[in-house]
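To be precise, the following lines are start_10.txt, and they hold compact mmCIF, C-alpha atoms.
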```txt
# COMPACT_ATOMS: atom_id res chain seq x y z
CA MET A 579 -70.50 54.30 146.87
CA GLU A 580 -67.01 53.45 145.71
CA LEU A 581 -64.22 54.36 143.35
CA GLY A 582 -62.97 51.30 141.50
CA THR A 583 -59.40 50.08 141.86
CA GLN A 584 -57.16 48.43 139.31
CA VAL A 585 -58.38 44.86 139.46
CA PHE A 586 -58.48 42.88 136.20
CA PRO A 587 -61.45 40.50 136.44
CA ASN A 588 -61.95 37.28 134.55
CA LEU A 589 -64.22 38.16 131.62
CA THR A 590 -67.32 36.10 131.04
CA PRO A 591 -68.34 35.31 127.44
CA GLY A 592 -69.65 38.39 125.65
CA ALA A 593 -67.95 40.85 128.01
CA ALA A 594 -65.39 43.56 127.32
CA LEU A 595 -62.78 45.17 129.53
CA VAL A 596 -62.79 48.95 129.01
CA ARG A 597 -60.26 51.54 130.17
CA PRO A 598 -61.93 54.96 130.69
CA LEU A 599 -60.50 58.02 128.99
CA VAL A 600 -63.02 60.58 130.23
CA CYS A 601 -65.91 60.09 132.66
CA ALA A 602 -68.80 62.53 133.04
CA LEU A 603 -71.04 63.12 136.04
CA ALA A 604 -74.81 63.28 135.69
CA SER A 605 -77.70 64.02 138.05
CA PRO A 606 -78.39 60.31 138.78
CA ASP A 607 -74.79 59.95 140.00
CA ARG A 608 -75.25 62.95 142.27
CA ALA A 609 -78.46 61.43 143.64
CA VAL A 610 -76.53 58.34 144.70
CA ALA A 611 -73.71 60.41 146.22
CA GLU A 612 -76.24 62.49 148.17
CA GLY A 613 -78.10 59.43 149.46
CA LYS A 614 -81.28 60.14 147.48
CA THR A 615 -80.94 56.90 145.53
CA GLU A 616 -79.70 53.69 147.14
CA PHE A 617 -76.85 51.97 145.35
CA HIS A 618 -73.85 49.98 146.58
CA GLY A 619 -70.94 49.57 144.22
CA VAL A 620 -68.66 51.49 141.86
CA LEU A 621 -70.28 54.71 140.60
CA GLY A 622 -70.41 56.16 137.09
CA HIS A 623 -72.47 55.49 133.97
CA GLU A 624 -71.23 58.05 131.39
CA CYS A 625 -67.79 57.70 129.84
CA VAL A 626 -65.70 57.17 126.75
CA GLY A 627 -62.99 54.53 126.88
CA VAL A 628 -60.77 52.11 124.99
CA VAL A 629 -61.49 48.39 124.81
CA GLU A 630 -58.58 46.46 126.33
CA ALA A 631 -59.87 42.90 125.96
CA VAL A 632 -62.97 40.89 125.05
CA ALA A 633 -64.29 37.41 125.69
CA GLN A 634 -65.93 35.92 122.59
CA ASP A 635 -69.42 34.44 122.96
CA ASP A 636 -69.99 32.20 119.95
CA SER A 637 -73.53 31.38 121.09
CA ARG A 638 -74.86 34.90 120.37
CA GLN A 639 -75.27 35.92 116.77
CA SER A 640 -75.35 39.58 117.81
CA LEU A 641 -71.65 39.41 118.66
CA LYS A 642 -70.51 38.11 115.30
CA PRO A 643 -68.22 38.76 113.46
CA ASP A 644 -65.42 38.08 115.91
CA ALA A 645 -65.87 40.26 118.99
CA SER A 646 -62.09 40.74 119.20
CA ARG A 647 -62.50 43.41 116.51
CA TRP A 648 -63.43 45.73 119.40
CA VAL A 649 -59.98 45.59 120.98
CA GLY A 650 -58.32 49.00 120.72
CA LYS A 651 -61.53 50.74 119.66
CA ARG A 652 -62.66 53.97 121.30
CA VAL A 653 -66.19 53.41 122.57
CA VAL A 654 -69.07 54.70 124.64
CA VAL A 655 -71.20 52.26 126.59
CA ASN A 656 -74.97 52.11 126.84
CA PRO A 657 -75.30 51.75 130.64
CA VAL A 658 -78.63 49.88 130.52
CA VAL A 659 -77.90 46.15 130.40
CA SER A 660 -80.87 43.94 129.56
CA CYS A 661 -81.23 40.17 129.96
CA GLY A 662 -81.64 39.52 126.23
CA THR A 663 -84.09 36.66 126.73
CA CYS A 664 -87.41 38.11 127.93
CA ASP A 665 -90.25 39.07 125.57
CA LEU A 666 -89.40 42.77 125.73
CA CYS A 667 -85.77 42.13 124.83
CA LYS A 668 -86.76 39.83 121.96
CA HIS A 669 -89.02 42.56 120.56
CA GLY A 670 -86.33 45.25 120.63
CA ALA A 671 -87.41 46.91 123.89
CA GLY A 672 -84.46 45.91 126.04
CA ALA A 673 -84.39 49.34 127.69
CA HIS A 674 -87.58 48.24 129.48
CA CYS A 675 -86.37 44.76 130.44
CA PRO A 676 -87.73 43.95 133.93
CA ARG A 677 -84.39 42.37 134.85
CA ARG A 678 -82.24 45.20 133.52
CA THR A 679 -79.30 46.58 135.42
CA VAL A 680 -77.75 50.03 135.02
CA MET A 681 -74.03 50.68 135.32
CA GLY A 682 -73.21 52.62 138.45
CA LEU A 683 -76.87 53.04 139.41
CA HIS A 684 -78.64 49.72 139.78
CA GLY A 685 -77.23 46.23 140.21
CA ARG A 686 -73.98 46.72 138.26
CA ASP A 687 -70.65 48.43 138.93
CA GLY A 688 -69.98 51.61 136.99
CA CYS A 689 -67.13 53.21 135.10
CA LEU A 690 -65.32 55.29 137.74
CA ALA A 691 -62.42 52.86 137.90
CA ASP A 692 -59.10 52.12 136.23
CA VAL A 693 -60.96 49.52 134.16
CA PHE A 694 -64.54 48.25 134.10
CA VAL A 695 -66.52 45.45 132.47
CA ALA A 696 -69.40 45.96 130.02
CA PRO A 697 -71.24 43.69 127.58
CA VAL A 698 -69.86 43.84 124.05
CA ALA A 699 -73.47 44.27 122.88
CA ASN A 700 -73.59 47.62 124.72
CA LEU A 701 -70.53 49.14 123.04
CA VAL A 702 -70.82 51.88 120.42
CA GLU A 703 -67.73 52.95 118.49
CA VAL A 704 -66.92 56.67 118.60
CA PRO A 705 -66.36 58.43 115.25
CA ARG A 706 -62.88 59.85 114.73
CA LYS A 707 -64.13 63.44 114.53
CA VAL A 708 -65.80 63.31 117.97
CA SER A 709 -63.49 64.35 120.80
CA ASP A 710 -63.12 62.41 124.05
CA MET A 711 -64.73 65.26 125.99
CA ALA A 712 -67.76 65.30 123.72
CA ALA A 713 -68.06 61.52 123.56
CA ALA A 714 -68.16 61.31 127.36
CA CYS A 715 -71.47 63.20 127.16
CA ALA A 716 -73.02 60.83 124.61
CA GLY A 717 -75.50 59.54 127.20
CA THR A 718 -76.80 63.06 127.79
CA VAL A 719 -77.24 63.66 124.07
CA ALA A 720 -78.85 60.25 123.57
CA GLY A 721 -81.40 60.99 126.31
CA ALA A 722 -82.23 64.38 124.83
CA LEU A 723 -82.61 63.01 121.30
CA HIS A 724 -84.84 60.20 122.58
CA ALA A 725 -87.14 62.70 124.27
CA CYS A 726 -87.21 65.02 121.24
CA ALA A 727 -88.08 62.14 118.92
CA MET A 728 -91.36 61.65 120.77
CA VAL A 729 -92.90 64.93 119.65
CA ARG A 730 -93.34 67.03 116.52
CA VAL A 731 -92.66 70.72 117.06
CA GLU A 732 -92.76 71.90 113.47
CA HIS A 733 -95.49 74.51 112.93
CA LYS A 734 -96.25 74.60 116.68
CA PRO A 735 -96.33 78.23 117.87
CA PHE A 736 -95.47 77.62 121.52
CA VAL A 737 -92.83 75.07 122.55
CA THR A 738 -91.05 75.04 125.93
CA VAL A 739 -88.10 73.07 127.26
CA LEU A 740 -88.39 73.09 131.04
CA GLY A 741 -85.11 72.64 132.93
CA ASP A 742 -81.61 74.04 132.39
CA GLY A 743 -79.62 70.90 133.13
CA PRO A 744 -77.51 69.14 130.49
CA VAL A 745 -80.42 67.24 128.92
CA GLY A 746 -82.59 70.36 128.77
CA LEU A 747 -79.81 72.41 127.17
CA VAL A 748 -79.17 69.74 124.53
CA ALA A 749 -82.90 69.27 123.88
CA ALA A 750 -83.28 73.02 123.36
CA GLN A 751 -80.48 72.95 120.77
CA VAL A 752 -82.14 70.10 118.90
CA LEU A 753 -85.65 71.51 118.93
CA ALA A 754 -84.63 75.10 118.11
CA LYS A 755 -83.33 73.84 114.77
CA ARG A 756 -86.82 72.54 114.01
CA ASN A 757 -88.80 75.47 115.35
CA ALA A 758 -87.52 79.01 116.00
CA SER A 759 -90.18 79.64 118.66
CA VAL A 760 -88.64 77.12 121.08
CA ARG A 761 -87.74 78.62 124.47
CA LEU A 762 -85.91 77.25 127.49
CA LEU A 763 -87.09 77.97 131.03
CA GLY A 764 -84.61 77.46 133.84
CA LEU A 765 -83.61 78.45 137.36
CA ASP A 766 -79.91 79.31 136.99
CA PRO A 767 -79.21 82.60 135.15
CA ALA A 768 -75.55 81.62 134.87
CA LYS A 769 -76.54 78.94 132.35
CA PHE A 770 -78.48 81.31 130.13
CA SER A 771 -75.26 82.48 128.50
CA LEU A 772 -75.17 79.14 126.70
CA CYS A 773 -78.63 79.81 125.25
CA GLU A 774 -77.40 83.22 124.11
CA LYS A 775 -74.39 81.58 122.46
CA TRP A 776 -76.68 79.22 120.55
CA GLY A 777 -79.33 81.83 119.76
CA ILE A 778 -82.04 80.09 121.80
CA LYS A 779 -84.79 82.02 123.55
CA HIS A 780 -84.62 81.69 127.33
CA ARG A 781 -86.20 83.04 130.50
CA HIS A 782 -86.18 82.40 134.22
CA VAL A 783 -89.09 80.13 135.07
CA ALA A 784 -90.27 82.59 137.75
CA GLU A 785 -90.82 85.23 135.06
CA CYS A 786 -93.32 83.11 133.15
CA GLY A 787 -96.94 82.83 134.14
CA LEU A 788 -98.68 79.47 133.89
CA ARG A 789 -101.10 80.67 131.22
CA GLN A 790 -101.95 77.26 129.79
CA ASP A 791 -100.90 78.38 126.31
CA GLN A 792 -98.07 75.98 125.35
CA ASP A 793 -98.53 73.38 122.63
CA VAL A 794 -95.60 71.22 123.74
CA VAL A 795 -93.48 71.09 126.91
CA ILE A 796 -90.39 68.90 127.28
CA ASP A 797 -89.92 68.43 131.02
CA CYS A 798 -86.21 67.87 131.76
CA THR A 799 -86.33 68.80 135.45
CA GLY A 800 -86.33 65.24 136.78
CA SER A 801 -88.90 66.07 139.45
CA SER A 802 -92.64 65.66 139.91
CA ARG A 803 -92.85 69.39 140.68
CA GLY A 804 -91.40 70.11 137.25
CA THR A 805 -93.92 67.78 135.63
CA GLN A 806 -96.74 69.51 137.46
CA ALA A 807 -95.49 72.88 136.19
CA ALA A 808 -95.29 71.47 132.67
CA ILE A 809 -98.89 70.29 132.85
CA SER A 810 -99.94 73.72 134.10
CA MET A 811 -98.35 75.38 131.05
CA LEU A 812 -100.15 73.30 128.43
CA ARG A 813 -103.16 74.39 126.45
CA PRO A 814 -106.03 71.88 126.07
CA LEU A 815 -104.96 68.89 123.96
CA GLY A 816 -101.30 69.81 124.57
CA ARG A 817 -98.46 67.33 124.95
CA VAL A 818 -95.77 66.97 127.60
CA ILE A 819 -92.70 64.74 127.33
CA VAL A 820 -91.31 63.81 130.75
CA LYS A 821 -87.60 62.93 130.61
CA GLY A 822 -86.64 60.41 133.26
CA TRP A 823 -83.56 58.56 134.47
CA PRO A 824 -82.15 55.34 132.95
CA CYS A 825 -83.21 53.30 136.01
CA PRO A 826 -86.01 50.93 136.93
CA PRO A 827 -89.01 53.00 138.17
CA HIS A 828 -88.63 52.08 141.84
CA VAL A 829 -85.07 53.44 141.76
CA ALA A 830 -85.81 56.59 139.78
CA GLU A 831 -88.70 57.83 141.92
CA GLY A 832 -86.36 59.07 144.64
CA GLY A 833 -89.18 59.85 147.07
CA GLU A 834 -90.94 62.36 144.82
CA GLY A 835 -94.65 62.85 145.33
CA ARG A 836 -97.29 61.97 142.80
CA VAL A 837 -98.27 64.35 140.04
CA ALA A 838 -101.90 65.52 140.15
CA LEU A 839 -103.54 64.44 136.91
CA GLY A 840 -106.94 66.08 137.26
CA ARG A 841 -106.29 68.80 134.70
CA ALA A 842 -104.58 66.34 132.35
CA LEU A 843 -107.77 64.30 132.25
CA ALA A 844 -110.13 67.26 131.95
CA GLU A 845 -108.14 68.97 129.17
CA GLU A 846 -107.23 65.73 127.38
CA LEU A 847 -103.49 66.32 127.66
CA THR A 848 -101.00 63.76 126.41
CA ILE A 849 -98.25 62.79 128.88
CA VAL A 850 -95.41 60.67 127.50
CA GLY A 851 -92.49 59.28 129.47
CA ALA A 852 -89.01 59.27 127.93
CA GLY A 853 -86.48 57.00 129.63
CA ALA A 854 -83.04 55.99 128.46
CA GLY A 855 -84.04 54.91 124.98
CA GLY A 856 -82.56 51.98 123.11
CA ALA A 857 -79.00 51.26 122.07
CA GLY A 858 -79.61 53.08 118.79
CA ALA A 859 -79.94 56.38 120.64
CA PHE A 860 -76.19 56.35 121.41
CA GLY A 861 -75.31 55.89 117.76
CA GLU A 862 -77.62 58.77 116.84
CA ALA A 863 -76.03 60.92 119.55
CA LEU A 864 -72.53 60.32 118.22
CA LEU A 865 -73.64 61.08 114.66
CA ALA A 866 -75.26 64.32 115.81
CA MET A 867 -72.00 65.36 117.47
CA GLU A 868 -69.94 64.31 114.45
CA ARG A 869 -72.14 66.47 112.19
CA GLY A 870 -71.91 69.44 114.54
CA GLU A 871 -75.67 69.43 115.18
CA VAL A 872 -75.22 69.76 118.96
CA ASP A 873 -72.57 71.51 121.03
CA VAL A 874 -71.76 69.50 124.15
CA GLU A 875 -68.21 70.63 124.90
CA SER A 876 -69.62 74.04 125.92
CA LEU A 877 -71.54 72.23 128.66
CA ILE A 878 -68.34 71.11 130.36
CA ALA A 879 -67.58 73.58 133.11
CA LYS A 880 -64.85 71.82 135.13
CA ARG A 881 -62.39 68.97 134.77
CA PHE A 882 -60.90 66.84 137.55
CA ARG A 883 -58.62 63.88 137.98
CA LEU A 884 -60.43 60.63 138.69
CA ALA A 885 -58.65 60.41 142.05
CA ASP A 886 -60.34 63.67 143.06
CA TRP A 887 -63.87 62.39 142.49
CA LEU A 888 -65.10 63.93 145.74
CA GLY A 889 -64.03 67.35 144.48
CA ALA A 890 -65.76 66.65 141.18
CA TYR A 891 -69.03 65.82 142.92
CA ALA A 892 -68.78 68.97 145.03
CA ALA A 893 -68.16 71.07 141.91
CA ALA A 894 -71.16 69.52 140.15
CA ARG A 895 -73.43 71.09 142.79
CA GLU A 896 -72.13 74.62 142.28
CA ALA A 897 -74.34 77.26 140.69
CA GLY A 898 -73.79 77.70 136.98
CA VAL A 899 -72.01 74.35 136.55
CA VAL A 900 -73.65 72.23 133.86
CA LYS A 901 -71.29 69.28 133.38
CA VAL A 902 -68.22 68.02 135.23
CA VAL A 903 -65.83 65.46 133.75
CA MET A 904 -62.97 63.40 135.16
CA VAL A 905 -59.86 61.98 133.53
CA PRO A 906 -57.43 59.32 134.85
```

Please rewrite the model in this file as structure tokens.
Amino acid sequence: MELGTQVFPNLTPGAALVRPLVCALASPDRAVAEGKTEFHGVLGHECVGVVEAVAQDDSRQSLKPDASRWVGKRVVVNPVVSCGTCDLCKHGAGAHCPRRTVMGLHGRDGCLADVFVAPVANLVEVPRKVSDMAAACAGTVAGALHACAMVRVEHKPFVTVLGDGPVGLVAAQVLAKRNASVRLLGLDPAKFSLCEKWGIKHRHVAECGLRQDQDVVIDCTGSSRGTQAAISMLRPLGRVIVKGWPCPPHVAEGGEGRVALGRALAEELTIVGAGAGGAGAFGEALLAMERGEVDVESLIAKRFRLADWLGAYAAAREAGVVKVVMVP
């Protein structure tokens, strides 16, 4: 793993040079730093930055009008870079491209540098009302919104968000506006104060019996053990949404064991995976923040200078810390 240095590369057609303003750490970054996921290169996949330069690609209609309009814009970057030519990409499913790379996680350098390169097609302009600190967490909000969009919770009496990480806390905010019965189950009591601030029901997961009475469970734990617990909570014909990482499957597994599916088959449960989502999810995330529908700045517990990235990673592992950000 590396921290990028100030090297200004030659841009290939369709690429943009971005200068980070704020970078955020997420659990996939920590997995790389802790050796749980293999990656060699510059880390980081969540940030807000300013476009310094672009290289026009006249062969791609998606980049017209003139890509130079991006220069000087404040942007977030969808970290999943697809090939753009396979059948999945042509049908709007580039997030599942078999040749995709992911900034800072798989096959592509990330954003923890003085400057970094990203495809112009992956840029999303940040609304003026959204702060840098909030925009840096756009990937977290996009992932939560993508997972929430896969299930209807209206008129469901029992809905659980499992996991008190950033995605779980954002998902709970989103779903609680649709259904007052939504609860969050977590492991870190220090994070429950956020649920109290937002008026969301919450409990320690150890205090809840697996009574097979939940209609919907959104599993934001990132582990097969969490998915197994989610399955154990569901009533017959229930539905679980499993939120995963924005990586190819062989990277995201991280050595976890398989989930037993016997009960899922017997009780006719529905299990749906939720990955990174498409590029549109980032636009929706920024709109949600602009409208005040989600509070992400409250998730930020500590701030560091980019040069002290080792301290930032250490802080991200501390109890009660939800999100850590870094600035140049």

Check the smallest atom-to-atom distance from each of A:Val704, A:Ala604, A:Leu839, A:Ala844 to A:Phe860 using all atoms listed in the file, then report the winner.
A:Val704

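Nearest to A:Thr718 of all the residues A:Leu747, A:Cys667, A:Val783, A:Ala691 is A:Leu747, counting all atoms listed in the file.
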
Against stretch 795-800 of chain A, which residues of stretch 623-726 of chain A fall within 12 Å? For each one I want the closest pair of atoms and the distance in Å (one decimal), counting all atoms listed in the file, rows by chain and increasing residue number, as JSON lines.
```
{"residue": "A:Thr718", "atom": "CA", "partner": "A:Cys798", "partner_atom": "CA", "distance": 11.3}
{"residue": "A:Gly721", "atom": "CA", "partner": "A:Cys798", "partner_atom": "CA", "distance": 10.0}
{"residue": "A:Ala722", "atom": "CA", "partner": "A:Cys798", "partner_atom": "CA", "distance": 8.7}
{"residue": "A:Leu723", "atom": "CA", "partner": "A:Ile796", "partner_atom": "CA", "distance": 11.4}
{"residue": "A:His724", "atom": "CA", "partner": "A:Ile796", "partner_atom": "CA", "distance": 11.3}
{"residue": "A:Ala725", "atom": "CA", "partner": "A:Ile796", "partner_atom": "CA", "distance": 7.6}
{"residue": "A:Cys726", "atom": "CA", "partner": "A:Ile796", "partner_atom": "CA", "distance": 7.9}
```

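Interatomic distance, atom CA of A:Arg781 to atom CA of A:Leu763: 5.2 Å.
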
When distances are computed from all atoms listed in the file, which of A:Cys773, A:Ala716, A:Val702, A:Val729 shows the smallest separation from A:Arg817?
A:Val729

Spatial sel., origin (-89.4, 76.0, 113.1), limit 10 Å, all atoms listed in the file, listed as a VMD selection string:
chain A and resid 731 to 735 753 to 760

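A straight line drawn from atom CA of A:Ile778 to atom CA of A:Val872 is 12.7 Å long.
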
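Reported to one decimal place, the separation of atom CA of A:Val610 from atom CA of A:Leu884 is 17.3 Å.
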
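Nearest-residue note for A:Ala890: choosing from A:Arg678, A:Arg730, A:Lys707, A:Arg608, the minimum distance belongs to A:Arg608, counting all atoms listed in the file.
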
Of the listed residues A:Val695, A:Val708, A:Leu666, A:Ala671, that which approaches A:Leu865 most closely, counting all atoms listed in the file
A:Val708

All residues 10 Å or closer to A:Arg789, only C-alpha atoms, same chain fewer than 6 positions away omitted, as a count of residues only
4

Please provide the set of residues having any atom within 10 Å of stretch 651-653 of chain A, restricted to only C-alpha atoms, with same-chain residues fewer than 4 positions apart removed, written as number ranges by chain.
A: 596-599, 625-630, 647, 700-706, 710, 713-714

Considering all atoms listed in the file, state which residue in the set A:Ala894, A:Phe736, A:Ala633, A:Phe617 is at the smallest distance from A:Asp791.
A:Phe736

Counting only C-alpha atoms, what is within 10 Å of A:Ser709, bar same-chain residues fewer than 6 positions away, as a PyMOL selection string?
chain A and resi 626+867-868+875

Would you list the residues near (-65.9, 44.8, 123.6), meaning any protein, DNA or RNA residue with an atom at most 7 Å from that point in file coordinates, counting only C-alpha atoms, as JSON, numbers by chain?
{"A": [593, 594, 595, 629, 631, 632, 645, 648, 649, 697, 698, 701]}

Selection: 9 Å around A:Gly672, only C-alpha atoms, excl. self and same-chain fewer than 3 positions, as a PyMOL selection string
chain A and resi 658-662+664-669+675-676+678+856-857

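Taking all atoms listed in the file, the non-local environment of A:Arg686 within 9 Å (same-chain residues fewer than 3 positions away omitted) comprises A:His618, A:Gly619, A:Val620, A:Val659, A:Thr679, A:Val680, A:Met681, A:Gly682, A:Leu683.
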